[in-house]
>>> print(open('run.cif').read())   # mmCIF, C-alpha atoms and all ligand atoms
data_my_file
loop_
_atom_site.label_atom_id
_atom_site.label_comp_id
_atom_site.auth_asym_id
_atom_site.auth_seq_id
_atom_site.Cartn_x
_atom_site.Cartn_y
_atom_site.Cartn_z
CA MET O 1 115.85 126.98 136.48
CA ALA O 2 118.65 129.13 135.08
CA ALA O 3 116.37 132.15 135.06
CA VAL O 4 115.49 131.59 138.72
CA CYS O 5 119.20 131.30 139.69
CA LYS O 6 119.92 134.55 137.90
CA LEU O 7 116.97 136.16 139.65
CA GLY O 8 118.43 134.90 142.95
CA ARG O 9 121.81 136.47 142.16
CA PHE O 10 120.07 139.67 141.11
CA THR O 11 118.15 139.93 144.40
CA GLU O 12 121.37 139.22 146.36
CA GLY O 13 122.87 142.24 144.57
CA VAL O 14 119.86 144.34 145.49
CA LYS O 15 120.18 143.30 149.16
CA PHE O 16 123.87 144.39 149.16
CA PHE O 17 122.96 147.69 147.55
CA ASN O 18 120.19 148.23 150.10
CA LYS O 19 122.54 147.59 153.07
CA PHE O 20 125.17 149.96 151.66
CA TYR O 21 122.61 152.63 150.79
CA ILE O 22 120.78 152.41 154.10
CA ALA O 23 124.06 152.47 156.07
CA SER O 24 125.24 155.58 154.23
CA GLN O 25 121.77 157.09 154.53
CA ASN O 26 121.82 156.41 158.27
CA GLY O 27 125.04 158.35 158.64
CA ALA O 28 123.79 161.19 156.48
CA SER O 29 120.46 161.37 158.19
CA ARG O 30 122.08 161.31 161.64
CA SER O 31 123.92 164.50 160.85
CA LEU O 32 120.80 165.88 159.17
CA CYS O 33 118.71 165.04 162.22
CA THR O 34 120.76 167.34 164.37
CA ILE O 35 119.49 170.13 162.20
CA VAL O 36 115.89 169.25 161.34
CA GLN O 37 115.13 166.36 163.74
CA GLN O 38 113.55 164.10 161.03
CA PRO O 39 110.94 161.89 162.80
CA GLN O 40 111.78 158.16 163.13
CA ARG O 41 108.45 157.07 161.47
CA THR O 42 109.11 158.99 158.23
CA ARG O 43 112.55 157.39 157.96
CA SER O 44 111.13 153.88 158.37
CA LEU O 45 108.51 154.61 155.74
CA LEU O 46 111.17 155.86 153.37
CA LYS O 47 113.25 152.75 154.01
CA LEU O 48 110.26 150.50 153.40
CA GLY O 49 109.42 152.38 150.22
CA LEU O 50 112.97 151.97 148.93
CA ILE O 51 113.07 148.27 149.71
CA GLY O 52 109.68 147.82 148.06
CA ALA O 53 110.74 149.69 144.93
CA ALA O 54 114.03 147.76 144.70
CA THR O 55 112.24 144.44 145.11
CA GLY O 56 109.67 145.45 142.49
CA ILE O 57 112.44 146.36 140.04
CA ALA O 58 114.28 143.12 140.78
CA VAL O 59 111.20 140.94 140.27
CA GLY O 60 110.16 142.89 137.16
CA ALA O 61 113.62 142.64 135.62
CA GLY O 62 113.84 138.95 136.51
CA TYR O 63 110.48 138.24 134.89
CA ALA O 64 111.37 140.26 131.79
CA TYR O 65 114.64 138.34 131.54
CA TYR O 66 112.76 135.04 131.93
CA ARG O 67 110.27 136.02 129.19
CA ILE O 68 113.04 137.11 126.80
CA SER O 69 115.04 133.91 127.30
CA GLU O 70 111.87 131.77 126.95
CA ASP O 71 111.00 133.63 123.73
CA ARG O 72 114.53 133.10 122.40
CA LYS O 73 114.36 129.41 123.20
CA ASN O 74 110.89 129.10 121.60
CA ILE O 75 111.85 130.93 118.38
CA GLY O 76 114.34 128.15 117.76
CA LEU O 77 111.64 125.55 118.36
CA GLU O 78 108.99 127.03 116.04
CA GLY O 79 108.11 124.64 113.22
CA THR O 80 109.85 121.70 114.87
CA GLN O 81 108.10 118.48 115.82
CA LEU O 82 107.67 117.17 119.34
CA GLU O 83 108.98 113.62 119.42
CA THR O 84 106.33 110.95 120.01
CA VAL O 85 106.96 109.11 123.25
CA LEU O 86 106.73 105.35 123.56
CA LEU O 87 106.72 104.04 127.13
CA LYS O 88 108.46 100.75 127.79
CA TYR O 89 106.41 100.03 130.88
CA LYS O 90 102.91 100.87 131.99
CA PRO O 91 102.88 103.71 134.57
CA PRO O 92 102.13 102.17 137.98
CA VAL O 93 98.67 103.70 138.41
CA ALA O 94 95.77 101.37 139.26
CA PRO O 95 92.61 101.79 137.16
CA SER O 96 89.64 103.32 138.96
CA ARG O 97 87.25 101.06 137.05
CA LYS O 98 87.00 98.84 133.98
CA ILE O 99 84.49 99.17 131.15
CA ALA O 100 84.12 95.81 129.42
CA TYR O 101 81.92 95.22 126.37
CA PRO O 102 81.26 91.65 125.21
CA VAL O 103 80.79 92.98 121.62
CA ASP O 104 84.41 94.18 121.53
CA SER O 105 86.40 92.31 118.89
CA THR O 106 89.12 94.93 118.34
CA GLY O 107 91.73 93.43 120.68
CA LEU O 108 92.70 96.97 121.76
CA LYS O 109 94.02 97.41 125.31
CA LEU O 110 93.24 100.96 126.38
CA THR O 111 93.50 103.02 129.55
CA LEU O 112 91.81 106.41 129.60
CA PHE O 113 93.21 109.02 132.01
CA GLN O 114 90.32 111.38 132.45
CA TYR O 115 88.01 113.62 134.41
CA GLN O 116 84.56 112.05 134.19
CA THR O 117 82.92 115.36 133.25
CA CYS O 118 85.61 116.95 131.08
CA PRO O 119 83.94 117.53 127.69
CA PHE O 120 87.00 116.27 125.79
CA CYS O 121 87.12 113.08 127.87
CA CYS O 122 83.39 112.53 127.35
CA LYS O 123 83.99 112.87 123.62
CA VAL O 124 86.55 110.02 123.71
CA ARG O 125 84.37 107.81 125.96
CA VAL O 126 81.36 108.30 123.67
CA PHE O 127 83.47 107.20 120.68
CA LEU O 128 84.64 104.05 122.53
CA ASP O 129 81.14 103.29 123.85
CA TYR O 130 79.55 103.71 120.41
CA TYR O 131 81.97 101.20 118.88
CA GLY O 132 81.72 98.93 121.94
CA ILE O 133 85.47 99.06 122.65
CA SER O 134 86.47 98.05 126.20
CA TYR O 135 88.76 100.29 128.25
CA ASP O 136 90.06 100.97 131.74
CA ILE O 137 89.53 104.33 133.37
CA VAL O 138 91.89 106.23 135.64
CA GLU O 139 90.04 109.11 137.29
CA VAL O 140 92.50 112.01 137.63
CA ASP O 141 92.36 114.49 140.52
CA PRO O 142 91.79 117.81 138.66
CA VAL O 143 93.67 119.87 141.28
CA LEU O 144 96.72 117.73 142.07
CA ARG O 145 96.83 115.62 138.84
CA LYS O 146 99.27 113.17 140.38
CA GLU O 147 97.83 110.26 138.33
CA ILE O 148 99.37 111.76 135.18
CA GLY O 149 102.66 112.62 136.88
CA TRP O 150 104.38 110.21 134.44
CA SER O 151 103.35 112.32 131.42
CA SER O 152 104.92 115.55 130.17
CA TYR O 153 101.52 116.40 128.60
CA LYS O 154 99.52 117.80 131.50
CA LYS O 155 95.98 117.74 130.16
CA VAL O 156 93.32 115.07 129.93
CA PRO O 157 92.24 112.98 128.13
CA ILE O 158 95.32 110.83 127.64
CA LEU O 159 94.68 107.43 126.11
CA LEU O 160 97.35 104.86 126.87
CA THR O 161 97.36 102.10 124.27
CA LYS O 162 99.18 98.78 124.55
CA VAL O 163 101.40 98.30 121.50
CA GLU O 164 104.03 95.72 120.52
CA GLU O 165 106.99 97.56 122.05
CA GLY O 166 105.28 98.98 125.15
CA TYR O 167 102.66 101.67 125.69
CA GLN O 168 101.79 104.50 123.33
CA PRO O 169 100.22 107.55 125.01
CA LEU O 170 97.83 109.48 122.76
CA ASN O 171 97.12 113.10 123.71
CA ASP O 172 94.22 115.29 122.57
CA SER O 173 90.63 114.05 122.21
CA THR O 174 90.30 114.91 118.52
CA MET O 175 93.57 113.23 117.59
CA ILE O 176 92.59 110.16 119.67
CA VAL O 177 89.27 109.86 117.81
CA SER O 178 90.83 110.42 114.36
CA LEU O 179 93.62 107.94 115.04
CA LEU O 180 91.33 105.23 116.41
CA ALA O 181 88.81 105.75 113.58
CA SER O 182 91.66 105.40 111.06
CA HIS O 183 92.81 102.20 112.78
CA LEU O 184 89.28 100.74 112.86
CA TYR O 185 88.86 101.61 109.18
CA ASP O 186 92.04 99.72 108.28
CA THR O 187 93.37 97.62 111.16
CA SER O 188 96.57 96.87 109.25
CA TYR O 189 97.63 100.37 110.36
CA LYS O 190 99.14 99.94 113.80
CA ILE O 191 98.42 102.48 116.53
CA GLU O 192 102.10 103.37 117.02
CA GLU O 193 102.51 103.78 113.28
CA LEU O 194 99.48 106.05 113.06
CA ALA O 195 100.77 108.15 115.99
CA ASN O 196 103.58 109.31 113.70
CA TYR O 197 101.04 110.58 111.17
CA TYR O 198 99.79 113.14 113.70
CA PRO O 199 102.85 115.29 114.34
CA ASN O 200 102.78 117.81 117.14
CA ILE O 201 104.29 121.00 115.71
CA ALA O 202 105.52 124.03 117.66
CA ILE O 203 103.66 127.16 116.53
CA ARG O 204 102.72 130.60 117.75
CA ASP O 205 98.96 131.22 117.73
CA GLU O 206 97.05 134.39 116.74
CA ASP O 207 97.69 135.85 120.21
CA GLY O 208 101.43 135.24 119.86
CA LYS O 209 101.27 132.40 122.39
CA PHE O 210 103.76 129.58 121.87
CA LYS O 211 102.16 126.13 121.82
CA TYR O 212 102.19 122.71 120.21
CA GLU O 213 99.45 121.90 117.72
CA MET O 214 98.45 118.81 115.74
CA ILE O 215 97.61 120.54 112.53
CA ASN O 216 95.95 117.54 110.85
CA LYS O 217 94.06 116.17 113.85
CA TYR O 218 90.67 116.32 112.09
CA PHE O 219 91.94 114.12 109.26
CA LEU O 220 91.42 110.37 109.04
CA MET O 221 94.07 108.25 107.35
CA PHE O 222 92.20 106.47 104.55
CA ASN O 223 95.24 105.32 102.59
CA LYS O 224 93.99 106.71 99.26
CA GLN O 225 90.69 104.84 99.44
CA LEU O 226 87.59 106.62 100.69
CA PRO O 227 85.00 104.58 102.62
CA LYS O 228 82.35 103.27 100.20
CA ASN O 229 79.38 104.88 101.95
CA LYS O 230 80.93 108.38 102.14
CA SER O 231 81.48 111.12 99.58
CA MET O 232 84.34 113.60 99.77
CA ASN O 233 81.73 116.20 100.68
CA ASP O 234 80.53 114.11 103.65
CA ILE O 235 84.10 113.88 104.90
CA ILE O 236 84.71 117.61 104.58
CA GLU O 237 81.43 118.37 106.39
CA GLU O 238 82.26 115.94 109.19
CA ARG O 239 85.65 117.64 109.65
CA LYS O 240 84.07 121.09 109.61
CA TRP O 241 81.58 120.23 112.37
CA ARG O 242 84.16 118.47 114.53
CA LYS O 243 86.27 121.62 114.35
CA TRP O 244 83.23 123.74 115.24
CA VAL O 245 82.71 121.59 118.34
CA ASP O 246 86.29 122.27 119.55
CA GLU O 247 86.56 125.88 118.50
CA VAL O 248 83.05 127.21 119.15
CA PHE O 249 80.50 124.93 120.76
CA VAL O 250 82.59 123.68 123.67
CA HIS O 251 83.41 127.27 124.66
CA THR O 252 79.75 128.00 125.38
CA LEU O 253 79.70 125.37 128.15
CA SER O 254 81.97 126.65 130.97
CA PRO O 255 80.47 130.16 131.29
CA ASN O 256 77.06 128.45 131.45
CA VAL O 257 77.74 125.78 134.05
CA TYR O 258 79.77 128.14 136.28
CA ARG O 259 77.48 131.15 135.65
CA THR O 260 77.03 132.06 139.34
CA LEU O 261 78.89 130.86 142.42
CA ASP O 262 75.83 128.83 143.46
CA GLU O 263 75.53 127.23 140.04
CA SER O 264 79.25 126.52 140.08
CA TYR O 265 78.93 124.69 143.42
CA ARG O 266 75.92 122.69 142.12
CA THR O 267 77.96 121.78 139.03
CA PHE O 268 80.95 120.66 141.11
CA ASN O 269 78.73 118.62 143.44
CA TRP O 270 77.34 116.83 140.40
CA PHE O 271 80.90 116.32 139.06
CA SER O 272 81.83 114.84 142.43
CA GLU O 273 78.87 112.46 142.27
CA VAL O 274 79.37 111.15 138.71
CA GLY O 275 83.15 111.24 138.99
CA ARG O 276 82.77 109.15 142.20
CA TRP O 277 85.28 111.41 143.94
CA LYS O 278 84.15 110.12 147.36
CA GLU O 279 85.18 106.66 146.27
CA TYR O 280 88.49 107.55 144.60
CA PHE O 281 89.89 110.45 146.63
CA PRO O 282 90.27 111.01 150.40
CA THR O 283 87.69 113.39 151.91
CA TRP O 284 90.13 116.32 152.27
CA GLU O 285 91.10 115.99 148.60
CA GLN O 286 87.46 115.79 147.50
CA LEU O 287 86.58 118.91 149.54
CA LEU O 288 89.61 120.70 148.14
CA ILE O 289 88.57 119.93 144.56
CA VAL O 290 84.95 121.04 145.09
CA ASN O 291 85.75 124.26 146.95
CA VAL O 292 88.81 125.34 144.98
CA GLY O 293 87.26 124.14 141.71
CA ALA O 294 83.85 125.81 142.15
CA THR O 295 85.35 129.16 143.13
CA ALA O 296 88.14 129.15 140.57
CA MET O 297 85.89 128.07 137.72
CA TRP O 298 83.25 130.67 138.59
CA LEU O 299 85.97 133.34 138.23
CA ILE O 300 87.48 131.73 135.12
CA GLY O 301 84.00 131.37 133.59
CA LYS O 302 83.64 135.17 133.56
CA LYS O 303 86.95 135.53 131.71
CA LEU O 304 85.99 132.82 129.21
CA LYS O 305 82.69 134.57 128.53
CA LYS O 306 84.63 137.67 127.45
CA LYS O 307 87.34 135.76 125.62
CA HIS O 308 84.86 133.80 123.51
CA ARG O 309 82.53 136.77 123.10
CA LEU O 310 79.43 135.14 124.51
CA LYS O 311 76.26 137.13 124.90
CA GLU O 312 75.51 138.95 128.17
CA ASP O 313 72.98 136.19 128.84
CA VAL O 314 75.32 133.24 128.28
CA ARG O 315 72.41 130.79 128.02
CA GLN O 316 71.40 132.52 124.79
CA SER O 317 74.81 131.76 123.24
CA LEU O 318 74.40 128.09 124.17
CA TYR O 319 70.90 127.95 122.63
CA ASP O 320 72.08 129.82 119.50
CA GLU O 321 74.89 127.35 118.83
CA ALA O 322 72.67 124.33 119.51
CA ASN O 323 70.10 125.71 117.06
CA TYR O 324 72.82 126.34 114.47
CA TRP O 325 73.72 122.63 114.70
CA LEU O 326 70.07 121.48 114.58
CA ARG O 327 69.30 123.66 111.54
CA ALA O 328 72.20 122.09 109.63
CA ILE O 329 70.84 118.59 110.35
CA LYS O 330 67.37 119.72 109.27
CA VAL O 331 68.80 120.90 105.94
CA ARG O 332 70.28 117.42 105.45
CA GLY O 333 66.85 115.93 106.17
CA THR O 334 68.32 113.03 108.17
CA THR O 335 68.21 111.92 111.81
CA PHE O 336 71.91 112.57 112.30
CA MET O 337 74.51 114.77 110.67
CA GLY O 338 76.01 111.48 109.46
CA GLY O 339 72.71 110.38 107.83
CA ASN O 340 70.91 107.43 109.40
CA GLN O 341 73.92 106.68 111.60
CA PRO O 342 75.85 109.13 113.76
CA ASP O 343 79.18 110.25 112.30
CA LEU O 344 82.16 111.60 114.24
CA SER O 345 80.62 115.07 114.41
CA ASP O 346 77.38 113.71 115.96
CA LEU O 347 79.46 111.80 118.50
CA ALA O 348 81.55 114.90 119.26
CA VAL O 349 78.56 117.22 119.83
CA TYR O 350 76.80 114.55 121.91
CA GLY O 351 80.02 113.84 123.84
CA VAL O 352 80.67 117.43 124.92
CA LEU O 353 76.99 117.94 125.82
CA LYS O 354 77.01 114.78 127.90
CA SER O 355 79.63 116.44 130.10
CA ILE O 356 76.95 118.86 131.39
CA GLU O 357 74.00 116.43 131.57
CA GLY O 358 73.45 117.00 135.33
CA CYS O 359 73.81 120.81 135.20
CA ASP O 360 71.11 123.50 135.24
CA ALA O 361 72.35 124.66 131.83
CA PHE O 362 71.56 121.28 130.25
CA ARG O 363 68.01 121.23 131.67
CA ASP O 364 67.47 124.78 130.37
CA LEU O 365 68.82 123.76 126.96
CA LEU O 366 66.21 120.97 126.72
CA VAL O 367 63.43 123.41 127.58
CA HIS O 368 64.52 126.23 125.25
CA THR O 369 65.57 124.24 122.16
CA LYS O 370 64.42 121.07 120.36
CA ILE O 371 67.75 119.31 120.82
CA ASP O 372 66.24 116.42 122.85
CA VAL O 373 65.07 114.44 119.77
CA TRP O 374 68.54 114.35 118.21
CA TYR O 375 70.25 113.95 121.61
CA ASN O 376 68.15 110.94 122.62
CA ALA O 377 68.61 109.35 119.19
CA VAL O 378 72.43 109.53 119.54
CA LYS O 379 72.19 108.34 123.15
CA GLU O 380 70.37 105.21 122.04
CA GLN O 381 72.99 104.46 119.37
CA VAL O 382 75.83 104.97 121.85
CA ASP O 383 74.24 103.01 124.70
CA THR O 384 73.54 100.03 122.44
CA HIS O 385 77.10 100.21 120.95
CA SER O 386 75.56 100.19 117.51
CA GLY O 387 78.92 101.11 115.93
CA SER O 388 80.21 97.62 116.79
CA SER O 389 78.02 96.14 114.05
CA ILE O 390 79.74 98.40 111.49
CA LEU O 391 83.14 97.10 112.65
CA SER O 392 82.18 93.47 112.34
CA ARG O 393 80.98 93.91 108.73
N1 LIG O 401 92.59 119.98 122.96
C1 LIG O 401 92.54 119.12 124.12
C2 LIG O 401 92.02 119.90 125.29
C3 LIG O 401 92.12 119.11 126.59
C4 LIG O 401 91.84 119.99 127.79
O1 LIG O 401 91.88 121.23 127.71
N2 LIG O 401 91.58 119.34 128.91
C5 LIG O 401 91.39 120.06 130.15
C6 LIG O 401 90.30 119.39 130.96
S1 LIG O 401 88.71 119.69 130.31
C7 LIG O 401 92.64 119.97 130.97
O2 LIG O 401 93.18 118.91 131.17
N3 LIG O 401 93.13 121.12 131.43
C8 LIG O 401 94.30 121.17 132.26
C9 LIG O 401 94.00 121.12 133.70
O3 LIG O 401 92.98 120.61 134.15
O4 LIG O 401 94.85 121.58 134.43
C10 LIG O 401 91.67 117.91 123.83
O5 LIG O 401 90.82 117.99 122.93
O6 LIG O 401 91.89 116.85 124.43
#
>>> encode(input="run.cif", output="structure tokens", more="lines below")
Ligand SMILES: N[C@@H](CCC(=O)N[C@@H](CS)C(=O)NCC(=O)O)C(=O)O
Amino acid sequence: MAAVCKLGRFTEGVKFFNKFYIASQNGASRSLCTIVQQPQRTRSLLKLGLIGAATGIAVGAGYAYYRISEDRKNIGLEGTQLETVLLKYKPPVAPSRKIAYPVDSTGLKLTLFQYQTCPFCCKVRVFLDYYGISYDIVEVDPVLRKEIGWSSYKKVPILLTKVEEGYQPLNDSTMIVSLLASHLYDTSYKIEELANYYPNIAIRDEDGKFKYEMINKYFLMFNKQLPKNKSMNDIIEERKWRKWVDEVFVHTLSPNVYRTLDESYRTFNWFSEVGRWKEYFPTWEQLLIVNVGATAMWLIGKKLKKKHRLKEDVRQSLYDEANYWLRAIKVRGTTFMGGNQPDLSDLAVYGVLKSIEGCDAFRDLLVHTKIDVWYNAVKEQVDTHSGSSILSR
């Protein structure tokens, strides 16, 4: 705000300078005109040019000032922790639908703010479905995002959990999964207590960009005792693959599903269908999301392809990464990366892939790789909530 006010004052100054300069120029040019008769059109062009240049300088200087003051502010924040927020009351947003599982014995009261086809949201839903945990869903409008207006964190998924003192929002899919898995492993750890074990620290990334990061989000809180059926090596491998999903695999998806403008429209029409946008949003809003979304994501997809160094034929990068994952499971000689049951890395890979199930890219992936055997095996485990039997043991 302060930077904008200063920019305002700066442009006022420029306006004053312009008036003064133009007035004096007018006088000067009048006397000059008697000699050379400067044409009116050239003078207007000159005036326009000067105004343009002055405005450019003003905006440039204002932006530079804004960047410098933001940088100064952020330097002071680096290494500090973002305070965890506990809401006293539930935000007044009605759930779009409720997912209720009779096998659920956890007693958790959860509301997931999501986009139905966001890979990170799918990852969280797959985790909840596998363990048969009931939850409410709030479908968020991806363009206007008014349903998460109550949150300072502006991404999805956000999982709102009912706790003793109110409502604890949990941000970031990986942190949500790690925190819930830690709670399910030892339910004496309360959700709000665990939230403090995942601090959000201000850092500057490799590109110099200031952001908040949960450095330990791949870690589960075992309280000094490892689960009986897991070795330390299993835990390290699970972490490694979950990280690969977030840092590599997921980045192959967008450039593939928004590869051409046509494909992007087909993708958004499928999103609209499974996200039930017709049901949840007025027609104008639904049309806005599809048209703005399809065009914007087609353009962004091209940038992401470059940023994540995908191959010219982006499908090939998707197949390569899927094969990399399948080869690692083959080396283990088991159905899943987690052995004869899916672990958190199986659920994460399956979750992000589920987000593109109705897209051309997914159909091509099934044809060009052998991922279907593993994919269908995880699907069966998730759809039958087979994780719930582990919880009740
Ligand atoms: N690291 C986050 C990433 C979440 C994320 O990037 N979500 C996207 C949707 S797929 C988002 O909300 N982007 C902001 C937007 O839509 O404006 C997570 O794992 O949850």
>>> residues_around(input="run.cif", residues="segment 131-138 of chain O", least_positions_apart="5", cutoff="6 Å", atoms="all atoms listed in the file", output="list in words")
Pro95, Ser96, Arg97, Lys98, Ile99, Ala100, Tyr101, Asp104, Leu110, Thr111, Leu112, Phe113, His385, Gly387 and Ser388 of chain O
>>> residues_around(input="run.cif", residues="Glu237 of chain O", least_positions_apart="2", cutoff="12 Å", atoms="only C-alpha atoms", output="number ranges by chain")
O: 218-219, 230-235, 239-244, 328-329, 332, 337-339, 343-346
>>> closest_atom_pairs(input="run.cif", of="chain O", to="ligand LIG 401 (chain O)", cutoff="9 Å", atoms="all atoms listed in the file", output="Markdown table")
| residue | atom | partner | partner_atom | distance |
| --- | --- | --- | --- | --- |
| O:Gln114 | CA | O:LIG401 | C6 | 8.1 |
| O:Tyr115 | CA | O:LIG401 | C6 | 7.1 |
| O:Thr117 | CA | O:LIG401 | S1 | 7.8 |
| O:Cys118 | CA | O:LIG401 | S1 | 4.2 |
| O:Pro119 | CA | O:LIG401 | S1 | 5.9 |
| O:Phe120 | CA | O:LIG401 | O5 | 5.1 |
| O:Cys121 | CA | O:LIG401 | O6 | 7.0 |
| O:Lys123 | CA | O:LIG401 | O5 | 8.6 |
| O:Val124 | CA | O:LIG401 | O6 | 8.7 |
| O:Asp141 | CA | O:LIG401 | O3 | 8.9 |
| O:Pro142 | CA | O:LIG401 | O3 | 5.4 |
| O:Val143 | CA | O:LIG401 | O4 | 7.2 |
| O:Leu144 | CA | O:LIG401 | O4 | 8.8 |
| O:Arg145 | CA | O:LIG401 | O4 | 7.7 |
| O:Lys154 | CA | O:LIG401 | C8 | 6.3 |
| O:Lys155 | CA | O:LIG401 | O2 | 3.2 |
| O:Val156 | CA | O:LIG401 | O2 | 4.0 |
| O:Pro157 | CA | O:LIG401 | O6 | 5.4 |
| O:Ile158 | CA | O:LIG401 | O6 | 7.6 |
| O:Asn171 | CA | O:LIG401 | O6 | 6.5 |
| O:Asp172 | CA | O:LIG401 | O6 | 3.4 |
| O:Ser173 | CA | O:LIG401 | O6 | 3.8 |
| O:Thr174 | CA | O:LIG401 | O5 | 5.4 |
| O:Met175 | CA | O:LIG401 | O5 | 7.7 |
| O:Ile176 | CA | O:LIG401 | O6 | 8.2 |
| O:Glu213 | CA | O:LIG401 | N1 | 8.8 |
| O:Asp246 | CA | O:LIG401 | O5 | 7.1 |
>>> write_last_selection(input="run.cif", atoms="C-alpha atoms", output="mmCIF file, in the frame of the given file")
data_model
loop_
_atom_site.group_PDB
_atom_site.id
_atom_site.type_symbol
_atom_site.label_atom_id
_atom_site.label_comp_id
_atom_site.auth_asym_id
_atom_site.auth_seq_id
_atom_site.Cartn_x
_atom_site.Cartn_y
_atom_site.Cartn_z
ATOM 1 C CA GLN O 114 90.320 111.380 132.450
ATOM 2 C CA TYR O 115 88.010 113.620 134.410
ATOM 3 C CA THR O 117 82.920 115.360 133.250
ATOM 4 C CA CYS O 118 85.610 116.950 131.080
ATOM 5 C CA PRO O 119 83.940 117.530 127.690
ATOM 6 C CA PHE O 120 87.000 116.270 125.790
ATOM 7 C CA CYS O 121 87.120 113.080 127.870
ATOM 8 C CA LYS O 123 83.990 112.870 123.620
ATOM 9 C CA VAL O 124 86.550 110.020 123.710
ATOM 10 C CA ASP O 141 92.360 114.490 140.520
ATOM 11 C CA PRO O 142 91.790 117.810 138.660
ATOM 12 C CA VAL O 143 93.670 119.870 141.280
ATOM 13 C CA LEU O 144 96.720 117.730 142.070
ATOM 14 C CA ARG O 145 96.830 115.620 138.840
ATOM 15 C CA LYS O 154 99.520 117.800 131.500
ATOM 16 C CA LYS O 155 95.980 117.740 130.160
ATOM 17 C CA VAL O 156 93.320 115.070 129.930
ATOM 18 C CA PRO O 157 92.240 112.980 128.130
ATOM 19 C CA ILE O 158 95.320 110.830 127.640
ATOM 20 C CA ASN O 171 97.120 113.100 123.710
ATOM 21 C CA ASP O 172 94.220 115.290 122.570
ATOM 22 C CA SER O 173 90.630 114.050 122.210
ATOM 23 C CA THR O 174 90.300 114.910 118.520
ATOM 24 C CA MET O 175 93.570 113.230 117.590
ATOM 25 C CA ILE O 176 92.590 110.160 119.670
ATOM 26 C CA GLU O 213 99.450 121.900 117.720
ATOM 27 C CA ASP O 246 86.290 122.270 119.550
#
>>> atom_distance(input="run.cif", atom1="atom CA of Glu238 of chain O", atom2="atom CA of Val373 of chain O")
20.2 Å
>>> closest_residue(input="run.cif", among="O:Phe362, O:Trp325, O:Tyr153, O:Tyr258", to="Lys211 of chain O", atoms="all atoms listed in the file")
O:Tyr153
>>> closest_residue(input="run.cif", among="O:Leu108, O:Val248, O:Leu86, O:Leu299", to="Ser264 of chain O", atoms="all atoms listed in the file")
O:Leu299
>>> atom_distance(input="run.cif", atom1="atom CA of His251 of chain O", atom2="atom CA of His308 of chain O")
6.8 Å
>>> residues_around(input="run.cif", residues="Thr252 of chain O", least_positions_apart="5", cutoff="12 Å", atoms="only C-alpha atoms", output="PyMOL selection string")
chain O and resi 119+244-247+257-259+301-302+304-311+313-322+352-353+356+361-362+365
>>> atom_distance(input="run.cif", atom1="atom CA of Asp71 of chain O", atom2="atom CA of Ala202 of chain O")
12.6 Å
>>> axis_aligned_box(input="run.cif", around="segment 212-218 of chain O", padding_each_side="6 Å", output="lines of an AutoDock Vina configuration file")
center_x = 96.4
center_y = 119.4
center_z = 115.5
size_x = 23.5
size_y = 18.5
size_z = 21.4
>>> closest_residue(input="run.cif", among="O:Arg327, O:Arg276, O:Arg67, O:Lys217", to="Asn196 of chain O", atoms="only C-alpha atoms")
O:Lys217
>>> residues_around(input="run.cif", residues="Leu77 of chain O", least_positions_apart="6", cutoff="12 Å", atoms="all atoms listed in the file", output="JSON, numbers by chain")
{"O": [70, 71, 200, 201, 202, 203, 204, 210, 211, 212]}
>>> residues_near_point(input="run.cif", point="(98.7, 98.7, 123.4)", cutoff="12 Å", atoms="all atoms listed in the file", output="list in words")
Leu86, Leu87, Lys88, Tyr89, Lys90, Thr106, Gly107, Leu108, Lys109, Leu110, Thr111, Tyr135, Leu159, Leu160, Thr161, Lys162, Val163, Glu164, Glu165, Gly166, Tyr167, Gln168, Pro169, Leu170, Lys190, Ile191, Glu192 and Glu193 of chain O
>>> closest_residue(input="run.cif", among="O:Asp207, O:Leu180, O:Gly275, O:Val85", to="Trp150 of chain O", atoms="only C-alpha atoms")
O:Val85
